[in-house]
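**Q** Okay, so here is data-v6.txt, and as you'll see once you scroll down, it has compact mmCIF, C-alpha atoms.
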# COMPACT_ATOMS: atom_id res chain seq x y z
CA MET A 225 8.82 -26.78 42.34
CA ASP A 226 12.42 -26.15 41.26
CA LEU A 227 12.91 -22.40 41.75
CA HIS A 228 16.17 -22.53 39.79
CA LYS A 229 14.57 -24.03 36.72
CA GLU A 230 15.04 -21.75 33.70
CA VAL A 231 11.88 -20.17 32.33
CA THR A 232 12.03 -19.69 28.58
CA ALA A 233 9.80 -17.78 26.20
CA ALA A 234 8.65 -21.05 24.67
CA LYS A 235 7.07 -22.09 28.00
CA LEU A 236 4.97 -18.96 28.40
CA THR A 237 1.35 -19.09 27.32
CA ASP A 238 0.26 -16.84 24.45
CA ASP A 239 -2.06 -14.89 26.77
CA LEU A 240 0.79 -14.13 29.15
CA VAL A 241 3.16 -13.14 26.32
CA VAL A 242 0.55 -10.76 24.90
CA ASP A 243 -0.01 -9.19 28.34
CA ILE A 244 3.74 -8.57 28.66
CA LEU A 245 4.26 -7.27 25.12
CA SER A 246 1.26 -4.95 25.36
CA TRP A 247 3.25 -2.71 27.71
CA LEU A 248 5.89 -1.98 25.07
CA GLU A 249 6.10 0.92 22.66
CA TYR A 250 5.88 0.01 18.97
CA LYS A 251 9.63 0.19 18.20
CA PRO A 252 10.78 -2.15 21.05
CA PHE A 253 7.88 -4.44 20.15
CA CYS A 254 9.21 -4.73 16.57
CA ARG A 255 12.60 -5.73 17.92
CA CYS A 256 11.01 -8.42 20.07
CA LYS A 257 9.16 -9.81 17.05
CA CYS A 258 12.46 -10.08 15.18
CA ALA A 259 13.99 -11.99 18.09
CA TYR A 260 11.27 -14.64 18.37
CA LYS A 261 9.11 -15.70 15.41
CA ALA A 262 6.24 -16.99 17.54
CA TRP A 263 5.75 -13.49 18.96
CA SER A 264 5.59 -12.08 15.45
CA ALA A 265 2.78 -14.53 14.61
CA LEU A 266 0.69 -13.12 17.48
CA SER A 267 0.36 -9.85 15.55
CA SER A 268 -1.67 -11.64 12.86
CA ASP A 269 -4.16 -13.05 15.35
CA PRO A 270 -7.34 -10.88 15.26
CA ASP A 271 -7.91 -11.28 19.01
CA TYR A 272 -4.34 -10.58 20.12
CA SER A 273 -3.59 -7.83 17.60
CA LYS A 274 -6.05 -5.49 19.34
CA LYS A 275 -3.99 -5.69 22.56
CA LEU A 276 -0.51 -5.49 21.00
CA PRO A 277 1.24 -2.24 20.02
CA ASN A 278 0.19 -1.13 16.53
CA LYS A 279 2.22 0.73 13.98
CA VAL A 280 1.47 4.42 13.84
CA THR A 281 1.18 6.27 10.55
CA THR A 282 3.70 9.08 10.89
CA GLY A 283 3.10 10.81 7.58
CA LEU A 284 2.44 10.74 3.87
CA LEU A 285 5.20 10.01 1.38
CA TYR A 286 5.22 11.57 -2.06
CA GLN A 287 7.51 12.63 -4.86
CA GLY A 288 6.85 15.77 -6.87
CA HIS A 289 7.27 16.15 -10.58
CA LYS A 290 10.57 15.61 -12.42
CA ASN A 291 11.77 13.05 -9.83
CA SER A 292 12.38 15.62 -7.09
CA ALA A 293 13.32 14.49 -3.59
CA ILE A 294 11.05 11.92 -1.96
CA THR A 295 9.34 13.82 0.85
CA LEU A 296 7.57 12.85 4.07
CA VAL A 297 4.73 15.13 5.11
CA SER A 298 4.53 14.47 8.84
CA LEU A 299 1.23 14.15 10.69
CA PHE A 300 2.94 15.63 13.74
CA GLN A 301 3.33 19.40 13.58
CA GLN A 302 6.65 19.44 15.39
CA LEU A 303 8.24 17.41 12.59
CA GLY A 304 6.72 19.28 9.66
CA GLN A 305 8.01 18.20 6.26
CA ILE A 306 11.12 16.09 5.76
CA ASP A 307 12.77 16.37 2.34
CA GLY A 308 15.06 13.63 1.06
CA ILE A 309 13.96 10.90 3.46
CA LEU A 310 16.06 8.43 1.44
CA ALA A 311 19.17 10.62 1.35
CA ASP A 312 21.25 7.77 2.83
CA VAL A 313 20.80 5.75 -0.37
CA PRO A 314 23.67 6.32 -2.84
CA HIS A 315 22.60 8.37 -5.88
CA TYR A 316 19.23 8.95 -4.21
CA GLU A 317 18.68 11.95 -6.47
CA HIS A 318 18.10 9.46 -9.30
CA LEU A 319 15.37 7.50 -7.49
CA GLU A 320 11.81 7.41 -8.79
CA PHE A 321 9.30 6.64 -6.01
CA LEU A 322 7.06 3.70 -6.96
CA ASP A 323 5.36 2.23 -3.90
CA CYS A 324 5.37 1.93 -0.12
CA CYS A 325 4.14 -0.97 2.02
CA ASN A 326 4.36 -1.34 5.80
CA GLY A 327 7.48 0.80 6.12
CA LEU A 328 9.45 -0.33 3.07
CA VAL A 329 9.83 1.99 0.09
CA LEU A 330 10.30 0.75 -3.48
CA CYS A 331 12.05 2.98 -6.02
CA LYS A 332 13.33 2.73 -9.55
CA TYR A 333 16.83 3.92 -10.29
CA SER A 334 17.29 5.88 -13.48
CA SER A 335 19.87 8.34 -14.75
CA ASN A 336 21.59 9.38 -17.93
CA TYR A 337 23.93 6.43 -17.46
CA THR A 338 21.26 3.70 -17.45
CA THR A 339 20.12 2.33 -20.80
CA PRO A 340 16.43 1.95 -21.74
CA GLY A 341 16.98 -1.81 -21.94
CA ILE A 342 17.56 -2.11 -18.19
CA CYS A 343 15.09 -1.54 -15.35
CA ARG A 344 16.69 -1.38 -11.90
CA PHE A 345 14.74 -1.29 -8.64
CA VAL A 346 15.98 -0.29 -5.20
CA MET A 347 14.34 -1.38 -1.95
CA CYS A 348 14.75 1.01 0.98
CA ASN A 349 13.91 1.09 4.67
CA PRO A 350 14.05 4.73 5.83
CA ALA A 351 13.67 3.79 9.51
CA THR A 352 16.76 1.57 9.57
CA ARG A 353 18.60 3.45 6.78
CA GLN A 354 19.06 0.26 4.79
CA TRP A 355 18.73 -0.35 1.09
CA ARG A 356 19.08 -3.19 -1.36
CA ILE A 357 19.55 -3.37 -5.13
CA ILE A 358 17.07 -5.66 -6.90
CA PRO A 359 18.30 -7.68 -9.91
CA ASP A 360 17.72 -5.87 -13.19
CA THR A 361 14.83 -6.63 -15.49
CA HIS A 362 15.01 -6.22 -19.24
CA PRO A 363 12.00 -4.68 -21.00
CA LYS A 364 11.41 -5.48 -24.65
CA THR A 365 10.79 -1.88 -25.66
CA ASP A 366 12.76 1.35 -25.57
CA ASP A 367 9.77 3.12 -23.99
CA PRO A 368 8.64 0.77 -21.23
CA ARG A 369 5.65 1.44 -18.95
CA TYR A 370 5.12 -0.43 -15.71
CA VAL A 371 2.72 -0.83 -12.84
CA THR A 372 4.92 -1.97 -9.97
CA ILE A 373 3.53 -3.08 -6.61
CA LEU A 374 5.34 -3.89 -3.37
CA ALA A 375 3.98 -6.50 -0.94
CA PHE A 376 5.46 -6.69 2.55
CA ASP A 377 4.16 -7.49 6.02
CA PRO A 378 6.74 -8.28 8.73
CA SER A 379 4.05 -9.87 10.92
CA TRP A 380 3.48 -12.46 8.18
CA SER A 381 6.98 -12.90 6.73
CA PRO A 382 10.33 -11.04 6.78
CA GLN A 383 10.44 -11.37 2.98
CA PHE A 384 9.18 -8.76 0.53
CA TYR A 385 7.65 -9.31 -2.92
CA ILE A 386 7.61 -7.13 -6.02
CA PHE A 387 5.00 -7.46 -8.79
CA ASN A 388 6.07 -5.76 -12.01
CA PHE A 389 3.42 -5.52 -14.73
CA HIS A 390 4.76 -4.56 -18.17
CA MET A 391 2.19 -2.43 -19.97
CA GLU A 392 1.49 -2.42 -23.69
CA HIS A 393 0.83 1.16 -24.78
CA LEU A 394 0.49 3.42 -27.78
CA HIS A 395 1.62 6.99 -27.19
CA GLY A 396 0.90 6.57 -23.48
CA LEU A 397 -2.54 4.96 -23.94
CA ILE A 398 -2.51 1.62 -22.07
CA LEU A 399 -3.65 -1.24 -24.31
CA GLY A 400 -3.01 -4.23 -22.05
CA THR A 401 -0.39 -6.15 -20.06
CA SER A 402 2.46 -7.74 -22.00
CA LYS A 403 4.20 -9.51 -19.12
CA LEU A 404 4.10 -10.04 -15.35
CA GLU A 405 7.34 -10.47 -13.41
CA ILE A 406 7.45 -11.33 -9.71
CA PHE A 407 10.45 -11.11 -7.39
CA TRP A 408 10.86 -12.21 -3.80
CA SER A 409 13.70 -11.12 -1.51
CA GLY A 410 15.05 -14.62 -0.93
CA SER A 411 15.93 -14.99 -4.61
CA THR A 412 18.32 -13.47 -7.13
CA THR A 413 16.08 -13.82 -10.18
CA TRP A 414 12.63 -12.76 -11.34
CA LEU A 415 9.89 -15.28 -12.07
CA VAL A 416 7.80 -14.63 -15.19
CA ASP A 417 4.12 -15.50 -15.42
CA ASP A 418 3.76 -16.54 -19.07
CA LYS A 419 0.05 -17.30 -18.64
CA TRP A 420 -0.99 -13.84 -17.50
CA ASP A 421 -4.04 -12.59 -19.41
CA SER A 422 -3.02 -9.50 -21.39
CA ASP A 423 -6.53 -8.04 -20.98
CA ILE A 424 -6.10 -7.78 -17.20
CA VAL A 425 -4.72 -4.34 -16.44
CA VAL A 426 -3.84 -3.66 -12.81
CA SER A 427 -4.29 -0.12 -11.54
CA HIS A 428 -1.46 1.61 -9.72
CA MET A 429 -3.86 3.64 -7.58
CA SER A 430 -4.69 1.32 -4.69
CA HIS A 431 -3.77 -2.10 -3.34
CA SER A 432 -3.36 -3.86 -0.01
CA PHE A 433 -1.37 -6.78 1.40
CA LEU A 434 -3.15 -8.80 4.07
CA HIS A 435 -2.54 -12.29 5.53
CA GLY A 436 0.00 -13.04 2.80
CA MET A 437 -2.40 -12.12 -0.02
CA LEU A 438 -2.05 -9.16 -2.36
CA TYR A 439 -5.28 -7.37 -3.33
CA ALA A 440 -4.92 -5.08 -6.35
CA GLY A 441 -7.61 -3.18 -8.21
CA THR A 442 -7.99 -3.54 -11.97
CA THR A 443 -9.39 -1.23 -14.64
CA GLU A 444 -12.39 -3.59 -14.99
CA GLN A 445 -13.86 -2.87 -11.53
CA GLN A 446 -12.41 -6.05 -10.07
CA VAL A 447 -9.82 -6.97 -7.48
CA VAL A 448 -7.17 -9.50 -8.46
CA VAL A 449 -5.98 -11.51 -5.45
CA PHE A 450 -2.56 -13.18 -5.42
CA GLU A 451 -2.11 -16.07 -3.02
CA GLY A 452 0.59 -18.66 -2.34
CA LEU A 453 3.52 -16.26 -2.28
CA GLU A 454 5.37 -18.46 0.18
CA GLU A 455 5.67 -21.12 -2.54
CA MET A 456 7.96 -18.86 -4.56
CA SER A 457 10.89 -20.29 -2.60
CA ASP A 458 10.37 -23.45 -4.67
CA GLY A 459 10.16 -21.51 -7.92
CA THR A 460 6.35 -21.73 -7.98
CA LEU A 461 4.41 -18.70 -9.13
CA PRO A 462 1.57 -17.48 -6.89
CA TYR A 463 -1.91 -18.19 -8.22
CA HIS A 464 -4.58 -15.55 -8.57
CA TRP A 465 -8.34 -15.16 -8.56
CA PHE A 466 -10.81 -12.29 -8.74
CA ILE A 467 -13.37 -10.47 -6.60
CA ASP A 468 -15.82 -7.92 -7.94
CA LEU A 469 -15.72 -4.54 -6.28
CA PRO A 470 -18.94 -3.52 -4.48
CA SER A 471 -21.67 -3.22 -7.10
CA ASP A 472 -22.60 0.25 -5.84
CA SER A 473 -19.10 1.45 -6.73
CA PHE A 474 -19.10 0.54 -10.44
CA TYR A 475 -20.40 3.90 -11.68
CA MET A 476 -18.44 6.05 -9.20
CA ASP A 477 -15.08 4.40 -9.88
CA ALA A 478 -15.15 5.89 -13.38
CA PHE A 479 -14.91 9.43 -11.99
CA THR A 480 -12.96 9.18 -8.75
CA HIS A 481 -10.58 6.79 -7.03
CA GLY A 482 -11.42 4.30 -4.32
CA CYS A 483 -8.92 3.21 -1.70
CA PHE A 484 -8.18 -0.07 0.09
CA GLY A 485 -7.47 -0.30 3.80
CA LYS A 486 -7.38 -2.89 6.55
CA SER A 487 -8.24 -3.23 10.21
CA SER A 488 -8.86 -6.13 12.60
CA GLY A 489 -7.59 -8.55 9.97
CA LYS A 490 -10.18 -7.54 7.35
CA LEU A 491 -9.95 -5.77 4.00
CA HIS A 492 -11.88 -2.54 3.46
CA TYR A 493 -12.68 -0.39 0.46
CA ALA A 494 -13.69 3.28 0.60
CA LEU A 495 -15.23 5.41 -2.14
CA PRO A 496 -17.16 8.72 -2.24
CA GLY A 497 -20.88 8.49 -2.89
CA GLU A 498 -22.45 9.79 -6.09
CA ASP A 499 -22.96 13.32 -4.76
CA GLY A 500 -19.74 13.33 -2.73
CA CYS A 501 -21.59 14.17 0.47
CA SER A 502 -20.50 10.91 2.09
CA ILE A 503 -17.78 8.29 1.86
CA VAL A 504 -18.94 4.67 1.91
CA VAL A 505 -16.62 2.13 3.55
CA TRP A 506 -17.19 -1.56 2.74
CA THR A 507 -15.73 -4.61 4.47
CA LEU A 508 -14.89 -7.82 2.61
CA ASP A 509 -16.63 -10.52 4.62
CA GLU A 510 -15.93 -14.24 4.23
CA TYR A 511 -19.07 -15.98 5.36
CA ALA A 512 -18.91 -19.64 4.25
CA TYR A 513 -16.91 -22.06 2.12
CA GLY A 514 -14.52 -19.35 0.98
CA LEU A 515 -17.35 -17.21 -0.42
CA ARG A 516 -16.87 -13.47 0.02
CA THR A 517 -19.14 -10.48 -0.14
CA TRP A 518 -18.83 -6.75 0.50
CA ILE A 519 -20.92 -5.33 3.33
CA VAL A 520 -21.24 -1.65 4.26
CA LYS A 521 -19.15 -0.93 7.35
CA CYS A 522 -20.01 2.75 7.72
CA GLN A 523 -20.82 5.97 5.87
CA LEU A 524 -18.80 9.08 6.66
CA SER A 525 -20.50 12.45 6.30
CA MET A 526 -18.32 14.78 4.26
CA ALA A 527 -21.13 17.35 4.21
CA ASP A 528 -20.82 17.71 8.00
CA ALA A 529 -17.02 17.65 7.91
CA PHE A 530 -16.64 20.31 5.18
CA GLY A 531 -19.78 22.25 6.10
CA ARG A 532 -21.17 22.20 2.56
CA ASP A 533 -22.77 19.83 0.07
CA ASP A 534 -21.46 20.93 -3.35
CA PHE A 535 -18.66 18.46 -4.09
CA VAL A 536 -19.33 17.33 -7.66
CA HIS A 537 -18.85 19.37 -10.83
CA TYR A 538 -20.06 18.06 -14.18
CA ASP A 539 -17.72 18.84 -17.06
CA GLY A 540 -19.39 17.33 -20.11
CA VAL A 541 -21.09 14.32 -21.68
CA ASP A 542 -19.52 11.25 -23.27
CA GLY A 543 -20.66 9.46 -26.43
CA GLU A 544 -23.25 7.43 -24.50
CA GLY A 545 -24.85 10.44 -22.85
CA ASN A 546 -23.19 9.95 -19.48
CA LEU A 547 -22.00 13.01 -17.55
CA PHE A 548 -18.33 13.48 -16.78
CA SER A 549 -17.89 14.60 -13.20
CA ASN A 550 -15.03 15.81 -11.04
CA TYR A 551 -14.89 15.64 -7.26
CA ASP A 552 -13.56 18.35 -4.98
CA TYR A 553 -11.78 15.78 -2.83
CA TRP A 554 -10.06 12.43 -3.34
CA ILE A 555 -9.32 9.67 -0.84
CA ILE A 556 -5.56 9.20 -0.82
CA ALA A 557 -5.01 6.75 2.06
CA LEU A 558 -6.74 4.90 4.90
CA ASP A 559 -5.51 4.13 8.40
CA LEU A 560 -8.58 2.42 9.83
CA GLU A 561 -6.63 1.05 12.80
CA LYS A 562 -6.42 4.67 13.95
CA ASP A 563 -9.82 5.68 12.49
CA LEU A 564 -8.22 8.05 9.97
CA VAL A 565 -9.03 8.82 6.34
CA PHE A 566 -6.58 11.01 4.40
CA LEU A 567 -8.01 13.31 1.76
CA SER A 568 -6.80 15.79 -0.81
CA ASP A 569 -8.97 18.90 -1.05
CA ARG A 570 -8.61 19.69 -4.73
CA ARG A 571 -10.60 22.93 -4.52
CA ARG A 572 -8.45 24.53 -1.79
CA GLU A 573 -5.30 22.44 -2.55
CA LYS A 574 -4.84 21.08 0.96
CA LEU A 575 -4.00 17.71 2.53
CA LEU A 576 -6.54 16.74 5.18
CA SER A 577 -7.18 13.99 7.71
CA TYR A 578 -10.68 12.95 8.74
CA ASN A 579 -11.19 11.33 12.14
CA ILE A 580 -13.91 8.68 11.88
CA SER A 581 -14.54 8.64 15.65
CA THR A 582 -14.96 12.38 16.10
CA GLY A 583 -16.05 13.46 12.61
CA GLU A 584 -13.39 16.19 12.68
CA LEU A 585 -11.50 17.36 9.60
CA ASN A 586 -7.92 18.55 10.22
CA GLU A 587 -5.50 20.24 7.87
CA ILE A 588 -2.14 18.49 7.42
CA ARG A 589 -0.64 20.79 4.83
CA ASP A 590 -1.71 23.36 2.27
CA ASP A 591 -0.32 23.91 -1.21
CA PHE A 592 -0.11 20.17 -1.93
CA GLU A 593 1.18 18.71 -5.20
CA HIS A 594 -1.06 16.71 -7.54
CA CYS A 595 0.72 13.37 -7.25
CA GLN A 596 0.35 9.98 -5.60
CA TYR A 597 0.56 9.94 -1.78
CA TYR A 598 1.24 6.89 0.39
CA ALA A 599 0.67 6.45 4.12
CA TYR A 600 3.99 5.72 5.82
CA ALA A 601 4.57 3.95 9.13
CA PRO A 602 8.18 3.07 10.04
CA CYS A 603 9.34 -0.55 10.07
CA TYR A 604 12.27 -1.49 12.31
CA SER A 605 12.87 -4.94 10.80
CA LYS A 606 16.10 -5.41 8.89
CA LEU A 607 16.03 -5.96 5.15
CA PRO A 608 16.89 -9.55 4.24
CA ALA A 609 20.11 -10.28 2.34
CA LEU A 610 21.46 -6.75 2.14
CA GLU A 611 23.79 -5.77 -0.68
CA SER A 612 26.86 -3.75 0.22
CA SER A 613 27.02 -1.35 -2.72
CA VAL A 614 25.09 0.14 -5.62
For the structure just supplied, provide its representation as structure tokens.

**A**
Amino acid sequence: MDLHKEVTAAKLTDDLVVDILSWLEYKPFCRCKCAYKAWSALSSDPDYSKKLPNKVTTGLLYQGHKNSAITLVSLFQQLGQIDGILADVPHYEHLEFLDCCNGLVLCKYSSNYTTPGICRFVMCNPATRQWRIIPDTHPKTDDPRYVTILAFDPSWSPQFYIFNFHMEHLHGLILGTSKLEIFWSGSTTWLVDDKWDSDIVVSHMSHSFLHGMLYAGTTEQQVVVFEGLEEMSDGTLPYHWFIDLPSDSFYMDAFTHGCFGKSSGKLHYALPGEDGCSIVVWTLDEYAYGLRTWIVKCQLSMADAFGRDDFVHYDGVDGEGNLFSNYDYWIIALDLEKDLVFLSDRRREKLLSYNISTGELNEIRDDFEHCQYYAYAPCYSKLPALESSV
């Protein structure tokens, strides 16, 4: 054996590479993935991903009313609350927080100097203090409404994707979808899906990006799945198909919000039960020939966690005799890799975390604002094709 022969990363077996990388902290591991693409692919393998360092949710991002500063509510008490997490972005005071996915933050830039005929997005990475201006889009109305979704997973691709659904509305009441635009970070232009069905209205409440596929809930109790995003480099639009949500969730989704999550390479969906005393978590299982079905993964006892069983309040009856109900808590985010469910206690106005393994309920913050919260875990990958100025 030639002892002077150079040993390269390409000659190491996957098992040996995983054993070595498993000793790293998450941040150095991210840097290694950027240096060698084959190592990044190991993160998507269900068997290897359990041994490799996982991203850690550090907090919940939100923006209060009137486009106040985008704030990180830390899960670690020593950090507390961080205002203006995107303060390195020029004119950050004009940013409207839209979405967050695997460490990247998507915002819309608006000020008194931007005209209604222009919609400008800004992509930000708070961990690396980088930002990028996205090419403008041009709505057809002076009062545009959008549902805008970010898709990004550095273990699958360094590129990010933006789905921008233009909503038809009348005095704020959504009537349908007028146009779908899709952008990917390797391009300078938006692609327009002219064949999008106007009756399909995507909800802004919950979505997930897994194995290069975007799963987004609709107002019709379905999940629209976008696949083939990698073909956008050739100017080809991704195709889409649909999955019904769990049948047991149809009635409950009308009164509260479900939430998507992922762990061990599988998609999950969580929703409170009818009386609110438990949260049901389903797993999307692919069993044969591409067929998929939802199976119950677990049921989480909120009655034990809160120490009570009165979670639902009925506020009236609709035209068909059905009761309107409100829930004392909402699911705002899932981190099933760490066995965490994040809740908003609407009765006591607190942010909470529920530990699935221990059944413990912990307070993150009191006096929370009624707005959309997103789980945030830092990403140390560089944004592709950075712009130099706003």

**Q** Compare A:Ile424, A:Leu524, A:Leu461, A:Ile386 by their minimum atom-to-atom distance to A:Leu399, counting all atoms listed in the file, and give me the closest one.

**A**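 Using all atoms listed in the file, A:Leu399 sits closest to A:Ile424.
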
**Q** Please measure the separation of atom CA of A:Ala599 and atom CA of A:Tyr551, giving the value in Å to one decimal.

**A**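 One can read the atom CA of A:Ala599 to atom CA of A:Tyr551 distance as 21.4 Å.
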
**Q** Any idea what's packed within 9 Å of stretch 437-442 of chain A, counting all atoms listed in the file, ignoring anything in its chain fewer than 3 positions away? Could you give it as a list of chain:residue names?

**A**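 Once the nearby chain positions are removed, what remains is A:Ile373, A:Ala375, A:Ile424, A:Val425, A:Val426, A:Ser427, A:His428, A:Met429, A:Ser430, A:His431, A:Ser432, A:Phe433, A:Leu434, A:Gln445, A:Gln446, A:Val447, A:Val448, A:Val449, A:Phe450, A:Glu451, A:Gly452, A:Leu453, A:Leu469, A:Phe484, A:Leu491.
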
**Q** For the selection you just gave me, I'd like the residues written to a file as a PDB file, in the coordinates of the input, keeping C-alpha atoms.

**A**
ATOM      1  CA  ILE A 373       3.530  -3.080  -6.610  1.00  0.00           C
ATOM      2  CA  ALA A 375       3.980  -6.500  -0.940  1.00  0.00           C
ATOM      3  CA  ILE A 424      -6.100  -7.780 -17.200  1.00  0.00           C
ATOM      4  CA  VAL A 425      -4.720  -4.340 -16.440  1.00  0.00           C
ATOM      5  CA  VAL A 426      -3.840  -3.660 -12.810  1.00  0.00           C
ATOM      6  CA  SER A 427      -4.290  -0.120 -11.540  1.00  0.00           C
ATOM      7  CA  HIS A 428      -1.460   1.610  -9.720  1.00  0.00           C
ATOM      8  CA  MET A 429      -3.860   3.640  -7.580  1.00  0.00           C
ATOM      9  CA  SER A 430      -4.690   1.320  -4.690  1.00  0.00           C
ATOM     10  CA  HIS A 431      -3.770  -2.100  -3.340  1.00  0.00           C
ATOM     11  CA  SER A 432      -3.360  -3.860  -0.010  1.00  0.00           C
ATOM     12  CA  PHE A 433      -1.370  -6.780   1.400  1.00  0.00           C
ATOM     13  CA  LEU A 434      -3.150  -8.800   4.070  1.00  0.00           C
ATOM     14  CA  GLN A 445     -13.860  -2.870 -11.530  1.00  0.00           C
ATOM     15  CA  GLN A 446     -12.410  -6.050 -10.070  1.00  0.00           C
ATOM     16  CA  VAL A 447      -9.820  -6.970  -7.480  1.00  0.00           C
ATOM     17  CA  VAL A 448      -7.170  -9.500  -8.460  1.00  0.00           C
ATOM     18  CA  VAL A 449      -5.980 -11.510  -5.450  1.00  0.00           C
ATOM     19  CA  PHE A 450      -2.560 -13.180  -5.420  1.00  0.00           C
ATOM     20  CA  GLU A 451      -2.110 -16.070  -3.020  1.00  0.00           C
ATOM     21  CA  GLY A 452       0.590 -18.660  -2.340  1.00  0.00           C
ATOM     22  CA  LEU A 453       3.520 -16.260  -2.280  1.00  0.00           C
ATOM     23  CA  LEU A 469     -15.720  -4.540  -6.280  1.00  0.00           C
ATOM     24  CA  PHE A 484      -8.180  -0.070   0.090  1.00  0.00           C
ATOM     25  CA  LEU A 491      -9.950  -5.770   4.000  1.00  0.00           C
TER      26      LEU A 491
END

**Q** Might you pull out every residue within 10 Å of A:Glu587, with only C-alpha atoms counted and same-chain residues fewer than 4 positions away left off, and present them as a VMD selection string?

**A** chain A and resid 299 566 to 569 574 to 578

**Q** Pick from A:Phe345, A:Trp465, A:Tyr286, A:Phe384: nearest to A:Leu328, with only C-alpha atoms counted?

**A**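 Checking each candidate against A:Leu328, we get A:Phe384 as the closest.
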
**Q** Please compute the atom CA of A:Leu495-atom CA of A:Phe535 distance, one decimal, in Å.

**A**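 Rounded to one decimal, the two atoms are 13.6 Å apart.
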
**Q** Counting all atoms listed in the file, which of A:Gln596, A:Ser487, A:Asn586, A:Asn550 gets nearest to A:Asp563?

**A** A:Ser487
